[in-house]
Structures are given as C-alpha cells and as structure tokens.
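Q: The structure's right below; bear with me while I get my questions together.
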Amino acid sequence: MTTALDSSLVKCSNCQALLSPGLFNLGELTPCPSCQALLDVEVFPAILVAPAAALPEPILVEGESSCFYHPGKKASIVCEGCGRFLCALCDLDLNGRHVCPVCLDAGQKKAKFKDLENSRMLWDRLAVQLALLPLVLMWPATIFTGPVTLYLVLRYRKAPCSITGKSTFDFIVAGILAVLQIALWVLLLLFFFTRKNR
C-alpha cells in the first residue's frame, strides 16, 4: 500500500534521519533508529492515508449548453451584453444584469454601467482638508474655507463615503473646525466694528 506521506517530510530533530510512519502518533517517547534520541512524533492522521484515485464526473450532460469560457461546465445563464452562454463561475450579476467578464471590462472602459463605481469622491476627507489647509498655509483664507467646509458637511454628510465603510468622524471634525473658523471671524469683525465706533 502506498501512503500519502513523503518520507522526506518527517525527520529526526537531532540527526535529521528520515523517520518511518511506525514511529508516528504513539503518544510516548520513542528512540530514533539512527541516533537513539528520544522523540515524540505527532502528525495529522490524514498524512498517512493514501490519496484516492477518482476520475472527475463529467459536469456537462449531453444535450445541454456549455459555458463559452469553460467548455466542460454547464451553462446556467446568457450574457446580456454579447449573448454568450455562461456558467455560474463566469456569471457576473450587476444589479440584476448578467454579464460576462469581457462585457464587464468593455462596459467599464466605455462607462456603460452606471451602477459600477470605479471611484468615489470622499467628501468627508475633502471637508477636513479644506478646514485644515488654510490654518497651516494662510489663515485669512479661512473666511472663505470655513463657510465652504460647513456647506460640504451639511450637503454631503449622508452621501456615500469610502467603499470600505462610512465614518462620520471626519465630518464631525470638519464641522467643528468650520464653525470655529466662522465664529472667530464673526468675533474678529465684531471687535473691529465695535472698536471703530468708539
């Protein structure tokens, strides 16, 4: 009987001599046949089972259509773009439309599929950057960026953000910064006008 075990897989940790399957999974220390070092060799039992030689069953039954890309597989649907028969593996469901990989690629390049997003504007990150950038570079620009940031926060707070998940943290930070910038400008203008009227 041939086993599935390649004898070069299990060696003595002391002398690197090959160990026979008779030393495996005994549950006690056993001396190595070469160097007499005590070993406890535990392997998965599946490593000792001979592989079953079985021929794959034919997937395609006579009289049925085959997949255009996998001739041995049964077709389960027709591509709505090119009319090719597709197996379940090649069928790409795009919001109820079934297309093949070639049509999806071609439609992506020609922007045929409105539901397929290649990129997304991250309004939350834009709002934070718009609120922070003027503070670092030129603070007088905050007279414009504060209201614009607040508009972005209020307008796009419910818009889909990152594809990996929606986080409101950036919008909260941007909103707080925008309100602070606007409040500081209001205070500065009030101070300026009250001082001028004295």
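Identifiers in this document derive from the order of the structure tokens: chains are assigned A, B, ..., residues are numbered from 1 separately in each chain, and ligands are numbered from 1 in order of occurrence.
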Please report as CSV every residue of stretch 163-190 of chain A lying within 9 Å of stretch 126-132 of chain A, along with the nearest atom pair and their distance in Å (one decimal), using only C-alpha atoms.
A:
residue,atom,partner,partner_atom,distance
A:Asp170,CA,A:Val128,CA,6.3
A:Phe171,CA,A:Ala127,CA,7.0
A:Val173,CA,A:Val128,CA,6.8
A:Ala174,CA,A:Val128,CA,4.6
A:Gly175,CA,A:Ala127,CA,8.1
A:Leu177,CA,A:Ala131,CA,6.1
A:Ala178,CA,A:Ala131,CA,6.2
A:Gln181,CA,A:Ala131,CA,8.4
Q: Report as a PDB file with C-alpha atoms, in the first residue's frame all protein, DNA and RNA residues lying within 12 Å of stretch 17-19 of chain A, evaluated on only C-alpha atoms, omitting residues in the same chain fewer than 5 positions from it.
A:
ATOM      1  CA  LEU A   5       3.335  10.575   3.208  1.00  0.00           C
ATOM      2  CA  ASP A   6       6.522  11.687   1.557  1.00  0.00           C
ATOM      3  CA  SER A   7       9.238  10.172   3.757  1.00  0.00           C
ATOM      4  CA  SER A   8      11.362  13.293   3.418  1.00  0.00           C
ATOM      5  CA  LEU A   9       8.752  15.303   5.325  1.00  0.00           C
ATOM      6  CA  VAL A  10       9.412  13.917   8.807  1.00  0.00           C
ATOM      7  CA  LYS A  11      12.980  13.823  10.092  1.00  0.00           C
ATOM      8  CA  CYS A  12      14.631  13.389  13.453  1.00  0.00           C
ATOM      9  CA  PHE A  24       4.169   8.428  14.423  1.00  0.00           C
ATOM     10  CA  THR A  30      10.445   6.603  21.246  1.00  0.00           C
ATOM     11  CA  PRO A  31      14.183   6.396  20.399  1.00  0.00           C
ATOM     12  CA  CYS A  32      15.319   7.485  16.944  1.00  0.00           C
ATOM     13  CA  PRO A  33      16.531   4.472  14.930  1.00  0.00           C
ATOM     14  CA  SER A  34      19.727   6.350  13.973  1.00  0.00           C
ATOM     15  CA  CYS A  35      20.869   8.411  16.980  1.00  0.00           C
ATOM     16  CA  GLN A  36      18.706   6.986  19.804  1.00  0.00           C
ATOM     17  CA  ALA A  37      17.426  10.460  20.745  1.00  0.00           C
ATOM     18  CA  LEU A  39      11.273  11.593  20.135  1.00  0.00           C
ATOM     19  CA  ASP A  40       7.514  12.079  20.372  1.00  0.00           C
ATOM     20  CA  VAL A  41       6.345  12.407  16.757  1.00  0.00           C
ATOM     21  CA  GLU A  42       2.773  13.645  16.274  1.00  0.00           C
ATOM     22  CA  VAL A  43       1.401  14.072  12.740  1.00  0.00           C
TER      23      VAL A  43
END
Q: Rounded to one decimal in Å, what is the spacing between atom CA of A:Glu80 and atom CA of A:Asp93?
A: 10.4 Å
Q: Looking at only C-alpha atoms, which of A:Cys67, A:Cys82, A:Cys87, A:Leu188 is the one that sits closest to A:Val102?
A: A:Cys82
